[in-house]
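Here's work.cif, which has mmCIF, C-alpha atoms:
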```cif
data_query
loop_
_atom_site.label_atom_id
_atom_site.label_comp_id
_atom_site.auth_asym_id
_atom_site.auth_seq_id
_atom_site.Cartn_x
_atom_site.Cartn_y
_atom_site.Cartn_z
CA MET A 1 9.35 -15.11 11.44
CA LEU A 2 6.13 -14.03 13.17
CA VAL A 3 3.17 -16.31 13.85
CA VAL A 4 0.13 -14.97 15.70
CA ASP A 5 -2.34 -17.76 16.44
CA ASP A 6 -5.88 -17.19 17.78
CA LEU A 7 -4.77 -14.20 19.86
CA HIS A 8 -7.19 -12.77 22.41
CA ALA A 9 -6.14 -9.61 24.28
CA SER A 10 -7.86 -7.13 26.56
CA ILE A 11 -7.29 -3.82 28.31
CA GLY A 12 -9.11 -2.73 31.44
CA GLY A 13 -11.19 -5.91 31.38
CA THR A 14 -12.49 -5.27 27.85
CA GLU A 15 -11.44 -7.73 25.16
CA VAL A 16 -10.15 -5.97 22.05
CA LEU A 17 -8.62 -8.82 20.03
CA HIS A 18 -10.98 -11.72 19.48
CA GLY A 19 -8.95 -14.54 17.98
CA LEU A 20 -6.54 -12.73 15.68
CA THR A 21 -4.42 -14.92 13.41
CA LEU A 22 -1.56 -13.58 11.31
CA GLU A 23 1.66 -14.91 9.81
CA VAL A 24 4.55 -12.76 8.52
CA PRO A 25 7.34 -14.76 6.85
CA ASP A 26 11.00 -13.75 6.79
CA GLY A 27 11.78 -10.86 4.48
CA GLU A 28 8.21 -9.68 3.98
CA VAL A 29 6.46 -6.38 4.70
CA HIS A 30 2.81 -6.75 5.73
CA ALA A 31 0.33 -3.91 6.13
CA VAL A 32 -2.52 -4.09 8.64
CA MET A 33 -5.38 -1.73 7.86
CA GLY A 34 -8.72 -1.19 9.54
CA PRO A 35 -11.16 1.32 11.04
CA ASN A 36 -10.73 3.12 14.35
CA GLY A 37 -11.25 0.81 17.31
CA SER A 38 -10.58 -2.36 15.35
CA GLY A 39 -7.56 -3.34 17.50
CA LYS A 40 -4.64 -2.26 15.32
CA SER A 41 -2.70 -0.44 18.04
CA THR A 42 -3.56 -3.16 20.55
CA LEU A 43 -1.89 -5.70 18.25
CA ALA A 44 1.24 -3.52 18.06
CA TYR A 45 1.41 -3.03 21.82
CA VAL A 46 0.88 -6.73 22.55
CA LEU A 47 3.73 -7.65 20.20
CA ALA A 48 6.00 -5.17 21.99
CA GLY A 49 4.88 -6.32 25.46
CA ARG A 50 3.52 -2.97 26.53
CA ASP A 51 1.44 -2.63 29.71
CA PRO A 52 -1.46 -2.71 30.54
CA TYR A 53 -2.55 -4.97 27.67
CA GLN A 54 -3.26 -8.55 28.73
CA VAL A 55 -3.22 -11.65 26.56
CA THR A 56 -6.00 -14.02 27.62
CA ALA A 57 -5.63 -16.72 24.96
CA GLY A 58 -3.61 -17.68 21.91
CA ARG A 59 0.10 -17.64 21.18
CA VAL A 60 2.71 -15.54 19.39
CA LEU A 61 5.87 -17.11 18.01
CA TYR A 62 8.89 -15.06 16.96
CA ASP A 63 11.58 -17.06 15.16
CA GLY A 64 9.97 -20.13 16.76
CA ALA A 65 10.27 -18.76 20.32
CA ASP A 66 7.38 -17.79 22.61
CA LEU A 67 7.30 -14.01 22.25
CA LEU A 68 4.70 -13.59 25.00
CA ALA A 69 7.07 -15.18 27.54
CA MET A 70 9.69 -12.48 26.91
CA THR A 71 9.90 -9.18 28.77
CA PRO A 72 9.77 -5.99 26.67
CA GLU A 73 13.53 -5.64 27.15
CA GLU A 74 14.13 -9.21 25.96
CA ARG A 75 11.96 -8.60 22.90
CA ALA A 76 13.92 -5.47 22.03
CA ALA A 77 17.21 -7.30 22.49
CA ALA A 78 15.92 -10.07 20.21
CA GLY A 79 15.27 -7.52 17.47
CA VAL A 80 11.64 -6.44 17.90
CA PHE A 81 11.11 -2.71 17.35
CA LEU A 82 7.92 -0.73 18.00
CA GLY A 83 7.43 2.62 16.28
CA PHE A 84 4.81 4.67 18.13
CA GLN A 85 1.99 6.64 16.54
CA HIS A 86 2.83 9.53 18.89
CA PRO A 87 6.54 9.35 19.88
CA VAL A 88 7.02 10.74 23.37
CA GLU A 89 9.48 13.33 24.66
CA ILE A 90 12.25 12.25 27.02
CA PRO A 91 13.31 15.50 28.71
CA GLY A 92 16.94 15.71 29.78
CA VAL A 93 18.11 12.77 27.65
CA PRO A 94 20.12 13.91 24.59
CA THR A 95 19.14 12.13 21.38
CA MET A 96 22.73 11.11 20.61
CA TYR A 97 23.18 9.60 24.08
CA PHE A 98 19.87 7.77 23.76
CA LEU A 99 20.77 6.32 20.37
CA ARG A 100 24.24 5.19 21.40
CA THR A 101 23.01 3.64 24.65
CA ALA A 102 20.23 1.72 22.88
CA LEU A 103 22.49 0.54 20.07
CA ASN A 104 25.31 -0.64 22.33
CA ALA A 105 22.88 -2.36 24.71
CA GLN A 106 21.56 -4.35 21.78
CA ARG A 107 25.05 -5.14 20.51
CA ARG A 108 26.03 -6.42 23.99
CA SER A 109 22.96 -8.66 24.06
CA ARG A 110 24.12 -10.21 20.76
CA GLY A 111 27.66 -10.70 22.04
CA GLU A 112 29.05 -7.95 19.78
CA GLU A 113 31.53 -5.25 20.67
CA GLU A 114 30.18 -1.81 21.47
CA LEU A 115 30.72 0.95 18.93
CA GLY A 116 33.22 3.60 19.93
CA PRO A 117 32.52 7.33 19.53
CA VAL A 118 34.09 7.67 16.07
CA GLU A 119 32.32 4.63 14.62
CA PHE A 120 29.03 5.65 16.18
CA LEU A 121 29.19 9.22 14.87
CA ALA A 122 29.89 7.99 11.34
CA LEU A 123 26.98 5.54 11.50
CA VAL A 124 24.44 7.98 12.91
CA ASP A 125 25.41 10.61 10.35
CA ALA A 126 24.86 8.17 7.49
CA LYS A 127 21.50 7.02 8.86
CA ARG A 128 20.16 10.49 9.61
CA ARG A 129 20.78 11.47 5.99
CA LEU A 130 18.46 8.66 4.90
CA VAL A 131 15.57 10.32 6.77
CA ASP A 132 16.64 13.89 5.98
CA MET A 133 16.99 14.75 9.66
CA ASP A 134 18.65 18.01 10.70
CA ARG A 135 21.96 17.30 12.46
CA THR A 136 21.22 19.89 15.16
CA LEU A 137 18.22 17.87 16.39
CA LEU A 138 20.57 15.15 17.59
CA ASP A 139 22.00 17.52 20.17
CA ARG A 140 18.59 18.16 21.74
CA ALA A 141 16.69 15.98 24.20
CA VAL A 142 14.69 13.17 22.60
CA ASN A 143 11.74 14.74 20.73
CA ASP A 144 11.94 17.87 22.91
CA GLY A 145 10.31 20.63 20.86
CA PHE A 146 10.30 18.48 17.73
CA SER A 147 7.53 18.91 15.17
CA GLY A 148 5.37 15.91 14.30
CA GLY A 149 7.43 15.18 11.19
CA GLU A 150 10.71 15.52 13.11
CA ARG A 151 9.47 13.06 15.72
CA LYS A 152 8.62 10.53 13.04
CA ARG A 153 12.02 11.01 11.40
CA ASN A 154 13.66 10.47 14.78
CA GLU A 155 11.62 7.31 15.31
CA ILE A 156 12.70 5.91 11.94
CA LEU A 157 16.30 6.95 12.66
CA GLN A 158 16.18 4.84 15.82
CA MET A 159 14.91 1.93 13.76
CA LEU A 160 17.67 2.36 11.17
CA MET A 161 20.32 2.43 13.88
CA LEU A 162 19.01 -0.70 15.61
CA GLU A 163 18.28 -2.63 12.37
CA PRO A 164 15.57 -4.79 13.98
CA ARG A 165 14.61 -8.23 12.72
CA LEU A 166 10.93 -7.31 13.15
CA ALA A 167 9.72 -3.70 12.94
CA VAL A 168 6.16 -2.96 14.04
CA LEU A 169 5.21 0.57 12.97
CA ASP A 170 1.98 1.91 14.46
CA GLU A 171 0.54 4.54 12.10
CA THR A 172 3.92 6.03 11.26
CA ASP A 173 2.22 7.98 8.45
CA SER A 174 -0.13 9.80 10.83
CA GLY A 175 0.10 13.59 10.43
CA LEU A 176 2.84 13.58 7.80
CA ASP A 177 2.84 15.73 4.67
CA ILE A 178 3.64 14.12 1.34
CA ASP A 179 7.36 15.01 1.39
CA ALA A 180 7.85 13.61 4.89
CA LEU A 181 5.87 10.52 3.90
CA ARG A 182 8.25 9.83 1.00
CA VAL A 183 11.27 10.24 3.27
CA ILE A 184 9.85 7.90 5.91
CA ALA A 185 8.91 5.31 3.28
CA ALA A 186 12.43 5.45 1.83
CA GLY A 187 13.92 4.96 5.29
CA VAL A 188 11.79 1.90 5.97
CA SER A 189 12.48 0.51 2.49
CA SER A 190 16.22 0.76 3.08
CA LEU A 191 15.93 -1.91 5.78
CA ARG A 192 14.23 -4.45 3.54
CA ALA A 193 16.25 -7.67 3.62
CA PRO A 194 15.68 -11.45 3.55
CA ASN A 195 16.27 -11.69 7.31
CA ARG A 196 14.03 -8.75 8.31
CA SER A 197 10.28 -8.26 8.31
CA ALA A 198 7.90 -5.43 9.09
CA VAL A 199 4.28 -4.93 10.11
CA LEU A 200 2.91 -1.55 9.03
CA ILE A 201 -0.26 -0.46 10.79
CA THR A 202 -2.12 2.27 8.95
CA HIS A 203 -5.56 3.76 8.24
CA HIS A 204 -4.88 4.87 4.70
CA GLN A 205 -3.25 3.84 1.45
CA ARG A 206 -0.91 6.88 1.34
CA LEU A 207 2.11 5.15 2.89
CA LEU A 208 1.53 2.02 0.82
CA GLU A 209 1.79 4.01 -2.40
CA HIS A 210 5.46 4.63 -1.54
CA LEU A 211 6.20 1.41 0.34
CA ILE A 212 4.60 -1.51 -1.50
CA PRO A 213 3.73 -4.33 0.95
CA ASP A 214 3.91 -8.03 0.19
CA ARG A 215 0.53 -8.57 1.86
CA VAL A 216 -2.33 -6.44 3.16
CA HIS A 217 -4.60 -7.57 6.00
CA VAL A 218 -7.88 -6.02 7.12
CA LEU A 219 -8.38 -5.94 10.88
CA ALA A 220 -11.97 -5.36 11.97
CA GLY A 221 -13.80 -6.34 15.12
CA GLY A 222 -10.62 -7.61 16.72
CA ARG A 223 -9.69 -10.18 14.05
CA ILE A 224 -8.25 -10.39 10.55
CA VAL A 225 -11.27 -10.55 8.24
CA ARG A 226 -9.58 -10.31 4.85
CA SER A 227 -6.10 -10.63 3.38
CA GLY A 228 -4.67 -10.07 -0.07
CA GLY A 229 -1.99 -8.45 -2.16
CA ALA A 230 -1.08 -4.79 -2.39
CA ASP A 231 -4.18 -4.13 -4.55
CA LEU A 232 -6.38 -4.74 -1.52
CA ALA A 233 -5.31 -1.37 -0.08
CA ALA A 234 -6.67 0.41 -3.15
CA GLU A 235 -9.99 -1.43 -2.84
CA LEU A 236 -10.27 -0.40 0.79
CA GLU A 237 -9.56 3.20 -0.17
CA ALA A 238 -12.34 3.06 -2.75
CA HIS A 239 -14.97 1.16 -0.77
CA GLY A 240 -14.16 1.78 2.90
CA TYR A 241 -14.50 -0.57 5.84
CA ALA A 242 -18.30 -0.68 6.21
CA GLY A 243 -19.52 -4.14 7.15
CA LEU A 244 -16.07 -5.71 7.46
CA ASP A 245 -16.54 -6.51 11.15
CA ASP A 246 -19.40 -8.82 10.13
CA PRO A 247 -17.99 -11.97 8.48
CA GLY A 248 -21.31 -12.52 6.75
CA VAL A 249 -21.21 -9.21 4.92
CA GLU A 250 -19.19 -8.67 1.74
CA ALA A 251 -18.49 -4.96 1.98
CA PHE A 252 -16.89 -4.74 -1.47
CA PRO A 253 -16.12 -7.12 -4.32
CA VAL A 254 -12.91 -9.09 -3.89
CA SER A 255 -10.77 -9.41 -7.00
CA THR A 256 -8.77 -12.52 -7.77
CA ALA A 257 -5.66 -10.45 -7.01
CA THR A 258 -6.71 -9.89 -3.42
CA ALA A 259 -8.45 -13.11 -2.53
CA ARG A 260 -6.55 -15.79 -0.68
#
```
Whole structure given in structure tokens:
Amino acid sequence: MLVVDDLHASIGGTEVLHGLTLEVPDGEVHAVMGPNGSGKSTLAYVLAGRDPYQVTAGRVLYDGADLLAMTPEERAAAGVFLGFQHPVEIPGVPTMYFLRTALNAQRRSRGEEELGPVEFLALVDAKRRLVDMDRTLLDRAVNDGFSGGERKRNEILQMLMLEPRLAVLDETDSGLDIDALRVIAAGVSSLRAPNRSAVLITHHQRLLEHLIPDRVHVLAGGRIVRSGGADLAAELEAHGYAGLDDPGVEAFPVSTATAR
């Protein structure tokens, strides 16, 4: 589904990604872990087409198409979803209106009929229960006065409504307590399917204890320096990231379960 090949990207004239290569097949959930400043959020924003990040070399293929040639709107219509680390408020825009507008815009782009009010209300009610979201929040402006956990629930609700082919979640676990973390993990897990994939960007193993990834990648110094199975996350938790940005340094022993 997703192929990132020798990707170089910069912001403000400073290169952040230095030849990143990553492949996420159909139906798989991959976790990208790494220290602060390693380029994790830059990768997420480049995949979503967010300004002011600039790609200076490399390519990104999404279902065989050139993702970098698409506008952010075209990427969203094609089924790419970005979950922000810090979801923003949209004053004056009711959450229900926002959800219905986004969903029907995507359905139109796929040549599908728009959902009417009754169908939409039934769908949003079913999805909000999956993330344990208070019904009254849907009547408020998007994230207006929401707590951190409520914002993350709202973000995952948007994802559940849109059912993206590729979900890129940038530190969705940031600032969540253990109960909220379980709810968010369950919401993401409910979308697992052979025709959908996800890239989870995280600092810690906490989310991955509830949402077991197919692969774990370590991003350090702007490139993927190690990949392995789910056990790799536990090794990172135990040994940290020290030395991982230097390819010549083995920061911790690599088990046969995590080695390529």
Requested in this report: Write out as an NGL selection string which residues come within 9 Å of stretch 81-95 of chain A when counting all atoms listed in the file, dropping same-chain ones fewer than 2 positions away.
Outcome: :A and (41 or 44-45 or 47-48 or 75-76 or 79 or 97-100 or 137-146 or 148 or 151-152 or 154-156 or 159 or 162-174)
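A straight line drawn from atom CA of A:Met33 to atom CA of A:Asp231 is 12.7 Å long.
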Query raised in the report: Applied to this file, what does the PyMOL selection byres ((chain A and resi 196-212) around 9) return in terms of residues, put as a PyMOL selection string?
Result: chain A and resi 1-2+24-36+40-41+44+163-174+178+181-182+184-186+188-189+191-195+213-215+230+233-234+236-237
Report task. Using atom CA of A:Gly12 and atom CA of A:Leu67 as the two end points, give the distance in Å to one decimal. Result -> 21.9 Å
Query raised in the report: In Å, with one decimal, what is the gap from atom CA of A:Ala102 to atom CA of A:Ile11?
Result: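 Answer for the atom CA of A:Ala102 to atom CA of A:Ile11 separation: 28.6 Å.
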Requested in this report: Just the residues within 7 Å of stretch 129-134 of chain A, please, counting only C-alpha atoms, with nothing from its chain fewer than 6 positions along; format it as a list in words.
Outcome: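 Once the nearby chain positions are removed, what remains is Arg153, Leu157, Val183, Ile184 and Gly187 of chain A.
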Requested in this report: Starting from the point (5.3, -16.0, 18.4), work out which residues of protein, DNA or RNA have an atom no more than 10 Å away when counting all atoms listed in the file; state them as a PyMOL selection string.
Outcome: chain A and resi 1-5+23+47+58-69
Evaluate the PyMOL selection byres ((chain A and resi 115) around 12) and report residues as a PDB file with C-alpha atoms, in the coordinates of the input:
```pdb
ATOM      1  CA  LEU A  99      20.770   6.320  20.370  1.00  0.00           C
ATOM      2  CA  ARG A 100      24.240   5.190  21.400  1.00  0.00           C
ATOM      3  CA  THR A 101      23.010   3.640  24.650  1.00  0.00           C
ATOM      4  CA  ALA A 102      20.230   1.720  22.880  1.00  0.00           C
ATOM      5  CA  LEU A 103      22.490   0.540  20.070  1.00  0.00           C
ATOM      6  CA  ASN A 104      25.310  -0.640  22.330  1.00  0.00           C
ATOM      7  CA  ALA A 105      22.880  -2.360  24.710  1.00  0.00           C
ATOM      8  CA  GLN A 106      21.560  -4.350  21.780  1.00  0.00           C
ATOM      9  CA  ARG A 107      25.050  -5.140  20.510  1.00  0.00           C
ATOM     10  CA  ARG A 108      26.030  -6.420  23.990  1.00  0.00           C
ATOM     11  CA  GLU A 112      29.050  -7.950  19.780  1.00  0.00           C
ATOM     12  CA  GLU A 113      31.530  -5.250  20.670  1.00  0.00           C
ATOM     13  CA  GLU A 114      30.180  -1.810  21.470  1.00  0.00           C
ATOM     14  CA  GLY A 116      33.220   3.600  19.930  1.00  0.00           C
ATOM     15  CA  PRO A 117      32.520   7.330  19.530  1.00  0.00           C
ATOM     16  CA  VAL A 118      34.090   7.670  16.070  1.00  0.00           C
ATOM     17  CA  GLU A 119      32.320   4.630  14.620  1.00  0.00           C
ATOM     18  CA  PHE A 120      29.030   5.650  16.180  1.00  0.00           C
ATOM     19  CA  LEU A 121      29.190   9.220  14.870  1.00  0.00           C
ATOM     20  CA  ALA A 122      29.890   7.990  11.340  1.00  0.00           C
ATOM     21  CA  LEU A 123      26.980   5.540  11.500  1.00  0.00           C
ATOM     22  CA  VAL A 124      24.440   7.980  12.910  1.00  0.00           C
ATOM     23  CA  MET A 161      20.320   2.430  13.880  1.00  0.00           C
TER      24      MET A 161
END
```
